[in-house]
>>> print(open('model.cif').read())   # mmCIF, C-alpha atoms
data_upload
loop_
_atom_site.label_atom_id
_atom_site.label_comp_id
_atom_site.auth_asym_id
_atom_site.auth_seq_id
_atom_site.Cartn_x
_atom_site.Cartn_y
_atom_site.Cartn_z
CA MET Q 1 0.00 0.00 0.00
CA THR Q 2 1.30 3.45 -0.97
CA LYS Q 3 2.14 5.52 2.09
CA ILE Q 4 2.51 9.30 1.85
CA LYS Q 5 3.90 11.37 4.69
CA MET Q 6 1.90 14.58 4.97
CA PRO Q 7 2.81 17.72 6.92
CA LYS Q 8 1.31 17.57 10.41
CA ASN Q 9 -1.16 20.42 9.78
CA VAL Q 10 -2.43 18.81 6.57
CA ALA Q 11 -2.94 15.49 8.37
CA MET Q 12 -4.65 17.33 11.21
CA ILE Q 13 -7.10 19.09 8.85
CA ILE Q 14 -8.02 15.80 7.19
CA ASN Q 15 -8.43 14.15 10.60
CA ILE Q 16 -10.71 16.94 11.87
CA LEU Q 17 -12.92 16.73 8.77
CA GLN Q 18 -13.17 12.94 9.13
CA LYS Q 19 -14.06 13.21 12.83
CA ASN Q 20 -16.88 15.55 11.82
CA GLY Q 21 -18.29 12.90 9.49
CA TYR Q 22 -16.82 14.05 6.16
CA GLU Q 23 -14.42 12.52 3.66
CA ALA Q 24 -11.12 14.34 3.06
CA TYR Q 25 -8.01 13.64 1.00
CA ILE Q 26 -4.92 15.33 -0.34
CA VAL Q 27 -5.33 15.54 -4.10
CA GLY Q 28 -3.64 16.40 -7.39
CA GLY Q 29 -0.06 17.55 -7.82
CA CYS Q 30 1.00 16.99 -4.21
CA VAL Q 31 0.05 13.29 -4.46
CA ARG Q 32 1.92 12.96 -7.76
CA ASP Q 33 5.05 14.69 -6.42
CA ALA Q 34 5.04 12.71 -3.16
CA ILE Q 35 4.89 9.42 -5.11
CA LEU Q 36 7.81 10.65 -7.25
CA ASN Q 37 9.73 11.49 -4.04
CA LYS Q 38 9.62 15.20 -4.83
CA GLU Q 39 8.76 17.88 -2.29
CA PRO Q 40 5.27 19.22 -3.14
CA ASN Q 41 4.94 23.00 -3.49
CA ASP Q 42 1.37 22.96 -2.19
CA TRP Q 43 -0.82 20.48 -0.33
CA ASP Q 44 -4.34 20.73 -1.75
CA ILE Q 45 -7.15 19.09 0.18
CA THR Q 46 -10.49 17.94 -1.23
CA THR Q 47 -13.50 17.05 0.89
CA SER Q 48 -17.15 16.04 0.81
CA ALA Q 49 -17.85 18.89 3.24
CA LEU Q 50 -19.55 21.93 1.75
CA PRO Q 51 -17.79 25.32 2.08
CA GLU Q 52 -20.14 26.39 4.87
CA ASP Q 53 -19.33 23.16 6.72
CA VAL Q 54 -15.60 23.87 6.45
CA LYS Q 55 -16.13 27.40 7.75
CA ARG Q 56 -18.19 26.09 10.67
CA ILE Q 57 -15.62 23.44 11.65
CA PHE Q 58 -12.49 25.62 11.49
CA HIS Q 59 -12.05 28.83 13.43
CA LYS Q 60 -10.02 30.93 11.01
CA THR Q 61 -10.90 30.73 7.29
CA ILE Q 62 -10.70 32.89 4.17
CA ASP Q 63 -13.19 32.72 1.28
CA THR Q 64 -10.51 32.18 -1.38
CA GLY Q 65 -12.81 30.96 -4.15
CA ILE Q 66 -15.98 30.07 -2.37
CA GLN Q 67 -18.10 30.17 -5.56
CA HIS Q 68 -15.98 27.25 -6.77
CA GLY Q 69 -15.98 25.52 -3.40
CA THR Q 70 -12.57 26.63 -2.11
CA VAL Q 71 -12.00 27.84 1.43
CA THR Q 72 -8.56 28.53 2.90
CA VAL Q 73 -8.01 27.36 6.47
CA MET Q 74 -5.35 29.34 8.34
CA ILE Q 75 -3.13 27.47 10.81
CA GLU Q 76 -0.06 29.11 12.35
CA LYS Q 77 -0.12 31.86 9.67
CA THR Q 78 -0.08 29.28 6.86
CA GLY Q 79 -3.03 28.82 4.50
CA TYR Q 80 -4.34 25.42 3.38
CA GLU Q 81 -6.83 25.33 0.51
CA ILE Q 82 -9.78 22.98 1.01
CA THR Q 83 -12.10 22.42 -1.96
CA THR Q 84 -15.43 20.63 -1.95
CA TYR Q 85 -15.84 17.72 -4.39
CA ARG Q 86 -17.37 19.24 -7.48
CA ILE Q 87 -18.59 18.62 -11.00
CA ASP Q 88 -17.80 21.41 -13.45
CA GLY Q 89 -20.62 22.82 -15.54
CA GLU Q 90 -20.33 23.80 -19.19
CA TYR Q 91 -17.12 25.53 -20.27
CA GLU Q 92 -18.10 28.54 -22.39
CA ASP Q 93 -14.76 30.30 -22.78
CA GLY Q 94 -12.39 27.36 -23.18
CA ARG Q 95 -10.93 28.08 -19.75
CA HIS Q 96 -13.50 28.35 -16.93
CA PRO Q 97 -16.71 26.44 -16.16
CA LYS Q 98 -19.89 28.53 -16.27
CA ASP Q 99 -20.89 27.04 -12.94
CA VAL Q 100 -19.99 24.18 -10.60
CA LEU Q 101 -22.08 21.58 -8.83
CA PHE Q 102 -21.00 20.15 -5.51
CA THR Q 103 -21.03 16.38 -5.13
CA ARG Q 104 -20.47 13.84 -2.36
CA ASN Q 105 -18.64 11.50 -4.76
CA LEU Q 106 -14.84 11.74 -4.87
CA VAL Q 107 -14.54 9.93 -8.20
CA GLU Q 108 -16.87 12.45 -9.86
CA ASP Q 109 -14.48 15.17 -8.69
CA LEU Q 110 -11.42 13.30 -9.99
CA LYS Q 111 -13.05 12.82 -13.41
CA ARG Q 112 -12.92 16.55 -14.15
CA ARG Q 113 -9.15 16.82 -13.67
CA ASP Q 114 -6.67 17.20 -16.53
CA PHE Q 115 -4.23 14.29 -16.51
CA THR Q 116 -4.26 10.88 -14.84
CA ILE Q 117 -1.11 11.66 -12.85
CA ASN Q 118 -2.94 14.68 -11.36
CA ALA Q 119 -6.18 12.78 -10.64
CA MET Q 120 -5.11 10.76 -7.60
CA ALA Q 121 -6.20 11.32 -4.00
CA TYR Q 122 -4.84 10.00 -0.71
CA ASN Q 123 -5.48 9.80 3.00
CA ASP Q 124 -4.02 7.52 5.66
CA LYS Q 125 -7.34 5.75 6.22
CA ASP Q 126 -8.17 4.72 2.63
CA GLY Q 127 -4.72 4.91 1.06
CA LEU Q 128 -4.37 5.90 -2.60
CA VAL Q 129 -7.50 6.49 -4.69
CA ASP Q 130 -6.40 6.01 -8.30
CA GLU Q 131 -9.40 5.45 -10.59
CA PHE Q 132 -7.60 6.35 -13.82
CA ASP Q 133 -4.29 4.49 -13.44
CA GLY Q 134 -2.20 7.53 -12.62
CA ILE Q 135 0.33 5.24 -10.90
CA GLY Q 136 0.63 3.20 -14.10
CA ASP Q 137 1.24 6.35 -16.15
CA LEU Q 138 3.89 7.51 -13.67
CA GLU Q 139 5.63 4.16 -14.08
CA ARG Q 140 5.29 4.31 -17.88
CA LYS Q 141 6.34 7.99 -17.82
CA ILE Q 142 3.31 9.07 -19.84
CA ILE Q 143 1.18 12.22 -19.80
CA ARG Q 144 -2.39 11.09 -20.53
CA CYS Q 145 -5.68 12.93 -20.20
CA VAL Q 146 -8.39 11.71 -17.86
CA GLY Q 147 -11.05 10.21 -20.12
CA ASN Q 148 -11.46 11.68 -23.60
CA PRO Q 149 -8.64 14.14 -24.35
CA MET Q 150 -10.83 16.10 -26.78
CA ASP Q 151 -13.28 16.76 -23.94
CA ARG Q 152 -10.51 17.78 -21.51
CA PHE Q 153 -8.95 20.20 -24.01
CA HIS Q 154 -12.32 21.63 -25.07
CA GLU Q 155 -12.98 22.39 -21.41
CA ASP Q 156 -9.68 24.20 -20.89
CA ALA Q 157 -7.39 24.93 -23.83
CA LEU Q 158 -4.48 25.75 -21.51
CA ARG Q 159 -4.27 22.01 -20.77
CA ILE Q 160 -2.85 21.56 -24.29
CA LEU Q 161 0.24 23.57 -23.33
CA ARG Q 162 0.29 22.08 -19.83
CA ALA Q 163 0.62 18.59 -21.34
CA VAL Q 164 3.90 19.61 -22.96
CA ARG Q 165 5.01 21.49 -19.86
CA PHE Q 166 4.42 18.48 -17.59
CA ALA Q 167 6.28 16.27 -20.07
CA ALA Q 168 9.22 18.72 -19.89
CA ASN Q 169 9.15 18.98 -16.09
CA LEU Q 170 8.97 15.23 -15.56
CA GLY Q 171 10.91 13.94 -18.57
CA PHE Q 172 7.80 12.05 -19.77
CA ASP Q 173 6.32 11.33 -23.19
CA ILE Q 174 2.80 12.36 -24.20
CA ASP Q 175 0.20 9.65 -24.86
CA GLU Q 176 -0.62 9.36 -28.59
CA ASP Q 177 -4.37 10.08 -28.24
CA THR Q 178 -3.59 13.06 -26.01
CA LYS Q 179 -1.06 14.24 -28.59
CA LYS Q 180 -3.54 13.96 -31.47
CA ALA Q 181 -6.17 15.93 -29.58
CA ALA Q 182 -3.59 18.60 -28.66
CA ALA Q 183 -2.60 19.02 -32.33
CA GLU Q 184 -6.23 19.23 -33.45
CA LEU Q 185 -7.27 21.75 -30.82
CA ALA Q 186 -4.06 23.80 -30.67
CA PRO Q 187 -5.77 26.81 -32.37
CA THR Q 188 -8.08 27.12 -29.31
CA LEU Q 189 -5.07 28.38 -27.35
CA LYS Q 190 -5.96 31.77 -28.83
CA LYS Q 191 -8.59 31.98 -26.07
CA ILE Q 192 -5.99 31.84 -23.31
CA SER Q 193 -4.52 34.98 -21.73
CA LYS Q 194 -0.90 35.82 -22.51
CA GLU Q 195 -0.10 35.80 -18.79
CA ARG Q 196 -1.17 32.14 -18.49
CA ILE Q 197 0.75 31.21 -21.63
CA GLN Q 198 3.86 32.95 -20.33
CA THR Q 199 3.72 31.06 -17.02
CA GLU Q 200 3.53 27.65 -18.71
CA LEU Q 201 6.29 28.45 -21.20
CA ASP Q 202 8.51 29.71 -18.39
CA LYS Q 203 8.07 26.46 -16.44
CA MET Q 204 8.87 24.48 -19.58
CA PHE Q 205 12.02 26.48 -20.31
CA LEU Q 206 13.26 26.21 -16.72
CA SER Q 207 12.83 22.43 -16.70
CA ASP Q 208 15.44 19.74 -17.35
CA HIS Q 209 13.92 19.22 -20.81
CA PRO Q 210 13.47 22.51 -22.68
CA GLU Q 211 13.76 20.39 -25.85
CA MET Q 212 10.02 19.74 -25.44
CA LEU Q 213 9.73 23.08 -27.25
CA GLU Q 214 10.28 21.07 -30.42
CA GLU Q 215 7.33 18.81 -29.55
CA ALA Q 216 5.19 21.90 -28.98
CA CYS Q 217 6.28 23.15 -32.39
CA ASN Q 218 5.49 19.82 -34.09
CA LEU Q 219 2.00 19.78 -32.53
CA GLY Q 220 1.25 23.30 -33.82
CA ILE Q 221 1.11 24.73 -30.30
CA THR Q 222 3.85 27.32 -30.81
CA ARG Q 223 2.02 28.71 -33.82
CA GLU Q 224 -0.47 30.07 -31.30
CA VAL Q 225 1.77 30.86 -28.32
CA LEU Q 226 5.38 31.38 -29.47
CA ALA Q 227 5.79 32.36 -33.12
CA GLU Q 228 9.57 32.62 -32.71
CA ALA Q 229 9.81 28.81 -32.42
CA ASN Q 230 8.13 28.36 -35.81
CA HIS Q 231 10.37 31.00 -37.33
CA LEU Q 232 13.44 29.17 -35.98
CA LYS Q 233 12.17 25.86 -37.34
CA GLU Q 234 11.66 27.40 -40.79
CA GLN Q 235 15.23 28.72 -40.62
CA ASP Q 236 16.48 25.28 -39.48
CA LYS Q 237 17.78 26.82 -36.25
CA LEU Q 238 15.36 25.43 -33.66
CA THR Q 239 17.54 22.45 -32.74
CA GLU Q 240 20.55 24.71 -32.25
CA VAL Q 241 18.58 27.12 -30.06
CA ILE Q 242 17.40 24.21 -27.91
CA GLU Q 243 21.03 23.09 -27.56
CA ILE Q 244 21.92 26.62 -26.43
CA MET Q 245 19.11 26.52 -23.86
CA ASN Q 246 20.39 23.20 -22.55
CA GLN Q 247 23.85 24.72 -22.09
CA MET Q 248 22.41 27.40 -19.81
CA GLU Q 249 21.78 26.99 -16.11
CA LYS Q 250 18.12 27.09 -15.13
CA ASN Q 251 17.98 30.85 -15.20
CA HIS Q 252 14.88 32.71 -16.37
CA TYR Q 253 16.84 35.38 -18.29
CA LEU Q 254 19.41 33.07 -19.88
CA ARG Q 255 16.84 30.60 -21.17
CA TRP Q 256 14.52 33.26 -22.61
CA ALA Q 257 17.45 35.11 -24.20
CA SER Q 258 18.35 31.80 -25.88
CA VAL Q 259 14.96 31.69 -27.62
CA TYR Q 260 15.56 35.08 -29.25
CA ILE Q 261 19.29 34.82 -29.94
CA TYR Q 262 18.67 35.03 -33.70
CA SER Q 263 16.48 38.12 -33.30
CA ASP Q 264 17.62 41.67 -32.71
CA LYS Q 265 17.07 43.78 -29.62
CA THR Q 266 13.89 45.48 -30.85
CA ARG Q 267 12.22 42.28 -32.00
CA THR Q 268 13.09 40.58 -28.71
CA GLN Q 269 11.57 43.46 -26.77
CA GLU Q 270 8.38 43.38 -28.83
CA ALA Q 271 7.99 39.60 -28.53
CA LEU Q 272 8.48 39.54 -24.76
CA LYS Q 273 6.18 42.52 -24.32
CA ALA Q 274 3.49 40.67 -26.30
CA LEU Q 275 3.83 37.79 -23.82
CA LYS Q 276 3.18 40.28 -21.00
CA PHE Q 277 6.61 39.96 -19.42
CA ASP Q 278 7.69 42.51 -16.83
CA ASN Q 279 9.92 45.36 -17.97
CA HIS Q 280 12.92 43.99 -16.07
CA THR Q 281 12.83 40.69 -17.98
CA ILE Q 282 12.34 42.47 -21.31
CA ASP Q 283 15.28 44.76 -20.61
CA ILE Q 284 17.76 42.09 -19.48
CA CYS Q 285 16.95 39.52 -22.18
CA SER Q 286 17.03 42.03 -25.03
CA ARG Q 287 20.35 43.47 -23.84
CA ILE Q 288 21.93 40.01 -23.61
CA VAL Q 289 20.73 39.21 -27.13
CA ASN Q 290 22.06 42.53 -28.41
CA ALA Q 291 25.45 42.13 -26.71
CA VAL Q 292 26.03 38.58 -28.02
CA ASN Q 293 25.11 39.60 -31.56
CA THR Q 294 27.02 42.86 -31.78
CA ARG Q 295 30.18 42.53 -29.68
CA LYS Q 296 33.59 40.87 -29.94
CA LEU Q 297 35.67 39.55 -27.07
CA PRO Q 298 37.74 42.37 -25.50
CA GLN Q 299 41.43 41.81 -26.07
CA ASN Q 300 42.95 43.54 -23.04
CA ARG Q 301 42.00 44.76 -19.56
CA ALA Q 302 41.15 48.28 -20.76
CA GLU Q 303 38.74 46.81 -23.31
CA VAL Q 304 37.19 44.64 -20.59
CA ARG Q 305 36.46 47.79 -18.57
CA LYS Q 306 34.82 49.38 -21.62
CA ASP Q 307 32.92 46.16 -22.32
CA ILE Q 308 31.49 46.09 -18.79
CA TYR Q 309 30.36 49.71 -19.16
CA GLU Q 310 28.82 49.27 -22.60
CA VAL Q 311 27.09 45.94 -21.92
CA GLY Q 312 26.10 47.06 -18.42
CA GLN Q 313 27.63 46.01 -15.13
CA ASP Q 314 24.21 44.83 -13.91
CA ILE Q 315 24.05 42.07 -16.56
CA TYR Q 316 27.73 41.48 -17.38
CA GLU Q 317 28.07 38.31 -15.33
CA LEU Q 318 24.89 36.89 -16.94
CA TYR Q 319 26.22 37.92 -20.34
CA LEU Q 320 29.46 36.01 -19.74
CA LYS Q 321 27.51 32.91 -18.67
CA PHE Q 322 25.36 33.15 -21.78
CA LEU Q 323 28.38 33.66 -23.98
CA ARG Q 324 30.02 30.50 -22.66
CA GLY Q 325 26.99 28.33 -23.52
CA TYR Q 326 26.52 30.02 -26.86
CA LEU Q 327 30.17 29.58 -27.89
CA THR Q 328 30.10 25.93 -26.79
CA VAL Q 329 27.16 25.14 -29.10
CA LYS Q 330 28.76 27.11 -31.91
CA ASN Q 331 31.78 24.80 -31.61
CA ALA Q 332 33.93 27.80 -30.86
CA ASP Q 333 36.79 27.22 -28.44
CA ILE Q 334 36.17 28.51 -24.95
CA SER Q 335 39.49 30.17 -25.38
CA GLU Q 336 42.06 31.06 -22.80
CA ARG Q 337 41.16 34.68 -23.50
CA TYR Q 338 37.53 34.09 -22.50
CA CYS Q 339 38.68 32.63 -19.17
CA GLN Q 340 40.99 35.60 -18.68
CA ILE Q 341 38.08 37.99 -19.30
CA CYS Q 342 36.06 36.26 -16.56
CA GLU Q 343 39.01 36.59 -14.15
CA GLU Q 344 39.68 40.21 -15.14
CA TYR Q 345 35.99 41.08 -14.70
CA GLN Q 346 36.02 39.76 -11.12
CA ASP Q 347 39.30 41.55 -10.38
CA ILE Q 348 38.05 44.85 -11.83
CA ILE Q 349 34.94 44.70 -9.64
CA GLU Q 350 36.85 43.70 -6.51
CA LYS Q 351 39.38 46.51 -6.98
CA GLY Q 352 36.67 49.08 -7.71
CA GLU Q 353 38.22 50.21 -10.98
CA CYS Q 354 36.31 52.97 -12.73
CA ILE Q 355 33.70 51.57 -15.13
CA SER Q 356 30.88 54.08 -14.69
CA LEU Q 357 30.28 57.83 -14.62
CA LYS Q 358 29.48 57.74 -10.90
CA GLN Q 359 32.98 56.36 -10.23
CA LEU Q 360 34.65 59.31 -11.98
CA CYS Q 361 36.40 61.66 -9.57
CA ILE Q 362 34.71 64.57 -11.31
CA ASN Q 363 31.10 65.44 -12.03
CA GLY Q 364 28.86 67.86 -13.89
CA LYS Q 365 29.13 70.56 -11.24
CA ASP Q 366 32.90 70.56 -11.63
CA LEU Q 367 32.53 71.10 -15.37
CA ILE Q 368 30.05 73.94 -14.90
CA GLN Q 369 32.44 75.66 -12.50
CA THR Q 370 35.09 75.80 -15.23
CA GLY Q 371 32.67 77.97 -17.20
CA MET Q 372 33.32 75.94 -20.32
CA PHE Q 373 30.33 73.62 -20.49
CA ARG Q 374 26.53 73.83 -20.52
CA GLY Q 375 23.66 71.46 -21.33
CA THR Q 376 24.37 68.31 -23.33
CA ALA Q 377 28.04 69.20 -23.63
CA ILE Q 378 28.48 68.26 -19.95
CA GLY Q 379 27.36 64.67 -20.52
CA GLU Q 380 29.44 64.37 -23.67
CA GLU Q 381 32.57 65.62 -21.93
CA LEU Q 382 32.08 63.34 -18.90
CA ASN Q 383 31.70 60.39 -21.23
CA LYS Q 384 34.97 61.29 -23.00
CA LEU Q 385 36.72 61.49 -19.64
CA LEU Q 386 35.27 58.12 -18.59
CA TYR Q 387 36.70 56.44 -21.68
CA MET Q 388 40.09 58.04 -21.02
CA VAL Q 389 39.99 56.73 -17.43
CA MET Q 390 38.94 53.25 -18.51
CA GLU Q 391 41.96 53.28 -20.82
CA GLN Q 392 44.28 54.74 -18.16
CA PRO Q 393 42.88 54.23 -14.60
CA GLU Q 394 45.64 56.37 -13.08
CA LEU Q 395 43.96 59.45 -14.60
CA ASN Q 396 40.99 59.11 -12.24
CA GLN Q 397 41.98 61.93 -9.91
CA ARG Q 398 40.07 65.20 -9.71
CA GLU Q 399 43.08 67.42 -10.32
CA LYS Q 400 44.28 65.38 -13.32
CA LEU Q 401 40.82 65.35 -14.87
CA LEU Q 402 40.40 69.11 -14.42
CA GLU Q 403 43.81 69.61 -15.98
CA LEU Q 404 42.78 67.49 -18.97
CA ILE Q 405 39.64 69.60 -19.40
CA LEU Q 406 41.47 72.90 -19.21
CA LYS Q 407 43.93 71.70 -21.82
#
>>> encode(input="model.cif", output="C-alpha cells")
Amino acid sequence: MTKIKMPKNVAMIINILQKNGYEAYIVGGCVRDAILNKEPNDWDITTSALPEDVKRIFHKTIDTGIQHGTVTVMIEKTGYEITTYRIDGEYEDGRHPKDVLFTRNLVEDLKRRDFTINAMAYNDKDGLVDEFDGIGDLERKIIRCVGNPMDRFHEDALRILRAVRFAANLGFDIDEDTKKAAAELAPTLKKISKERIQTELDKMFLSDHPEMLEEACNLGITREVLAEANHLKEQDKLTEVIEIMNQMEKNHYLRWASVYIYSDKTRTQEALKALKFDNHTIDICSRIVNAVNTRKLPQNRAEVRKDIYEVGQDIYELYLKFLRGYLTVKNADISERYCQICEEYQDIIEKGECISLKQLCINGKDLIQTGMFRGTAIGEELNKLLYMVMEQPELNQREKLLELILK
C-alpha cells in the first residue's frame, strides 16, 4: 500500500474533517510529487464537506474561491486550501466552467481533472485512490488525459500547453491520443490569456527538458503561443537554439534570451512585451541578445572595462555565462582569453576600478564651474573622460581630470 507522509497540519485538517463525518483527501499535484519522491509545493485538500461546513468546523478561514468551493483554512499563519468535491458545468470560454455543482462522490471530482497523474487522491485511512491508473502512467512515464482528451482540451485549452510542460518537467512522453487531440485543438489556445501562456512556457524552459519546445512546435502549439519557435524551425535553427538553452543553467533570463538569440534587440523586446513579461525581464533579455550579436571579445583589460560599461555592469556576469553556452554550441573554443576575461571582470569589480560615470572623480558641477560647459556638452565631456579613465585608470583623480579639461 502506498504511504505518503503529509505535513502535520495537513494530516490534522483531514483528521478533523473525518471526525466531523466528512471525507477528506490530499489531491492532485501533491500526491503525484510525493509518489515521485519530490517535495510538493502545495498540499491541496479535497472534501465532501460543503464550504459552509468547512467554515463552521475551522475557526479561522478565508473565502478564497468560495463560488468554486474553495475555502482557505489558516493554521499558524499558513493557508491550506480545502475544496469541496465538485462537477464542473459547461465551459463557455475554453478556460473556466460557467458554474460548478458540488457532489459527495470523490470519483466524480477526480473525473474533471486534466491528466491521470494529477487525478489521484490519498489519505491515511483509505490509502491511494487512483481510478484512472495515474500510478501506471507515472511508471510508464506518460502524460495522458483523464477520459477523452478532446473533452478535456475543449474544457480548458491551456491544458494543451500544460501537457507539454508536464512532459518537460517530468521527462515524460505524451500519450498518442492526447497528442492527437492537442494538435487538433491547438488553435483554441488563442482563447488563453498571454499571462497564463507565459507562465507555462517559463516552467517548460526552466525544466530539465526545454527540448520539449520542439514537440510543442510539431503539434502546432507554438504557432499560437510562441511564433519565434516556428520562425526558428523554418530557418532550421530550432535544434541549435534548444542546444543553447540546454547549455544554460536554469535561469529565467538566460533561457529566454536563448529563444531570441537570432532576433535583434527590438524584435526581442516586442515579442516579450506581447507575452506580458515585466519590464525587467524584457530589458535584461534584449540586452543580452544585443550584446552577443554585436560585440567581440575584448582583447585587453582596458577593453574589458569598456565592455562592462557598454554591456552594463548589472548584466555582465549573466552575459558572460550566456556567452560561454553560446560559444560551446557554436563549436567555438572557450578560449584562454575568454577565461581571462572572466578573471579580469572579477578583479576589476573587486578593486573598484572605474567603469561608470558615478565612479569618476569629477562630475557635472565641476565642469560647470570651469565655465566651459553647458547642457548636453556636460554629458558628452564626462563620457569622454570616462573612456580616457577606462583606458588609463591612473587618470581618475580630480586634479588630473580638471587639468585634462582645461587643456
>>> residues_around(input="model.cif", residues="Q:Asn383", least_positions_apart="4", cutoff="10 Å", atoms="all atoms listed in the file", output="list in words")
Ser356, Leu357, Leu360, Ala377, Ile378, Gly379, Tyr387, Met388 and Val389 of chain Q
>>> residues_around(input="model.cif", residues="stretch 336-340 of chain Q", least_positions_apart="3", cutoff="12 Å", atoms="all atoms listed in the file", output="MDAnalysis selection string")
chainID Q and resid 296:301 304 320:321 323:324 327:328 332:333 343:348
>>> residues_around(input="model.cif", residues="Q:Ala34", least_positions_apart="3", cutoff="10 Å", atoms="all atoms listed in the file", output="list in words")
Lys3, Ile4, Lys5, Met6, Gly29, Cys30, Val31, Asn37, Lys38, Glu39 and Pro40 of chain Q
>>> resolve_selection(input="model.cif", expression="the PyMOL selection byres ((chain Q and resi 364) around 10)", output="CSV table (one decimal) with C-alpha atoms, in the frame of the given file")
chain,number,residue,atom,x,y,z
Q,362,ILE,CA,34.7,64.6,-11.3
Q,363,ASN,CA,31.1,65.4,-12.0
Q,365,LYS,CA,29.1,70.6,-11.2
Q,366,ASP,CA,32.9,70.6,-11.6
Q,367,LEU,CA,32.5,71.1,-15.4
Q,368,ILE,CA,30.0,73.9,-14.9
Q,369,GLN,CA,32.4,75.7,-12.5
Q,373,PHE,CA,30.3,73.6,-20.5
Q,374,ARG,CA,26.5,73.8,-20.5
Q,375,GLY,CA,23.7,71.5,-21.3
Q,377,ALA,CA,28.0,69.2,-23.6
Q,378,ILE,CA,28.5,68.3,-20.0
Q,379,GLY,CA,27.4,64.7,-20.5
Q,381,GLU,CA,32.6,65.6,-21.9
Q,382,LEU,CA,32.1,63.3,-18.9
>>> atom_distance(input="model.cif", atom1="atom CA of Q:Arg165", atom2="atom CA of Q:Glu200")
6.4 Å
>>> resolve_selection(input="model.cif", expression="the PyMOL selection byres ((chain Q and resi 391) around 12)", output="ChimeraX atom specification")
/Q:300-307,353-355,384-390,392-396
>>> atom_distance(input="model.cif", atom1="atom CA of Q:Gly127", atom2="atom CA of Q:Pro51")
24.3 Å
>>> atom_distance(input="model.cif", atom1="atom CA of Q:Phe115", atom2="atom CA of Q:Asp177")
12.5 Å
>>> residues_around(input="model.cif", residues="Q:Ile261", least_positions_apart="2", cutoff="8 Å", atoms="all atoms listed in the file", output="list in words")
Val241, Ala257, Ser258, Val259, Ser263, Asp264, Val289, Val292 and Asn293 of chain Q
>>> resolve_selection(input="model.cif", expression="the PyMOL selection byres ((chain Q and resi 185) around 9)", output="ChimeraX atom specification")
/Q:150,153-154,157,160,180-184,186-189,221
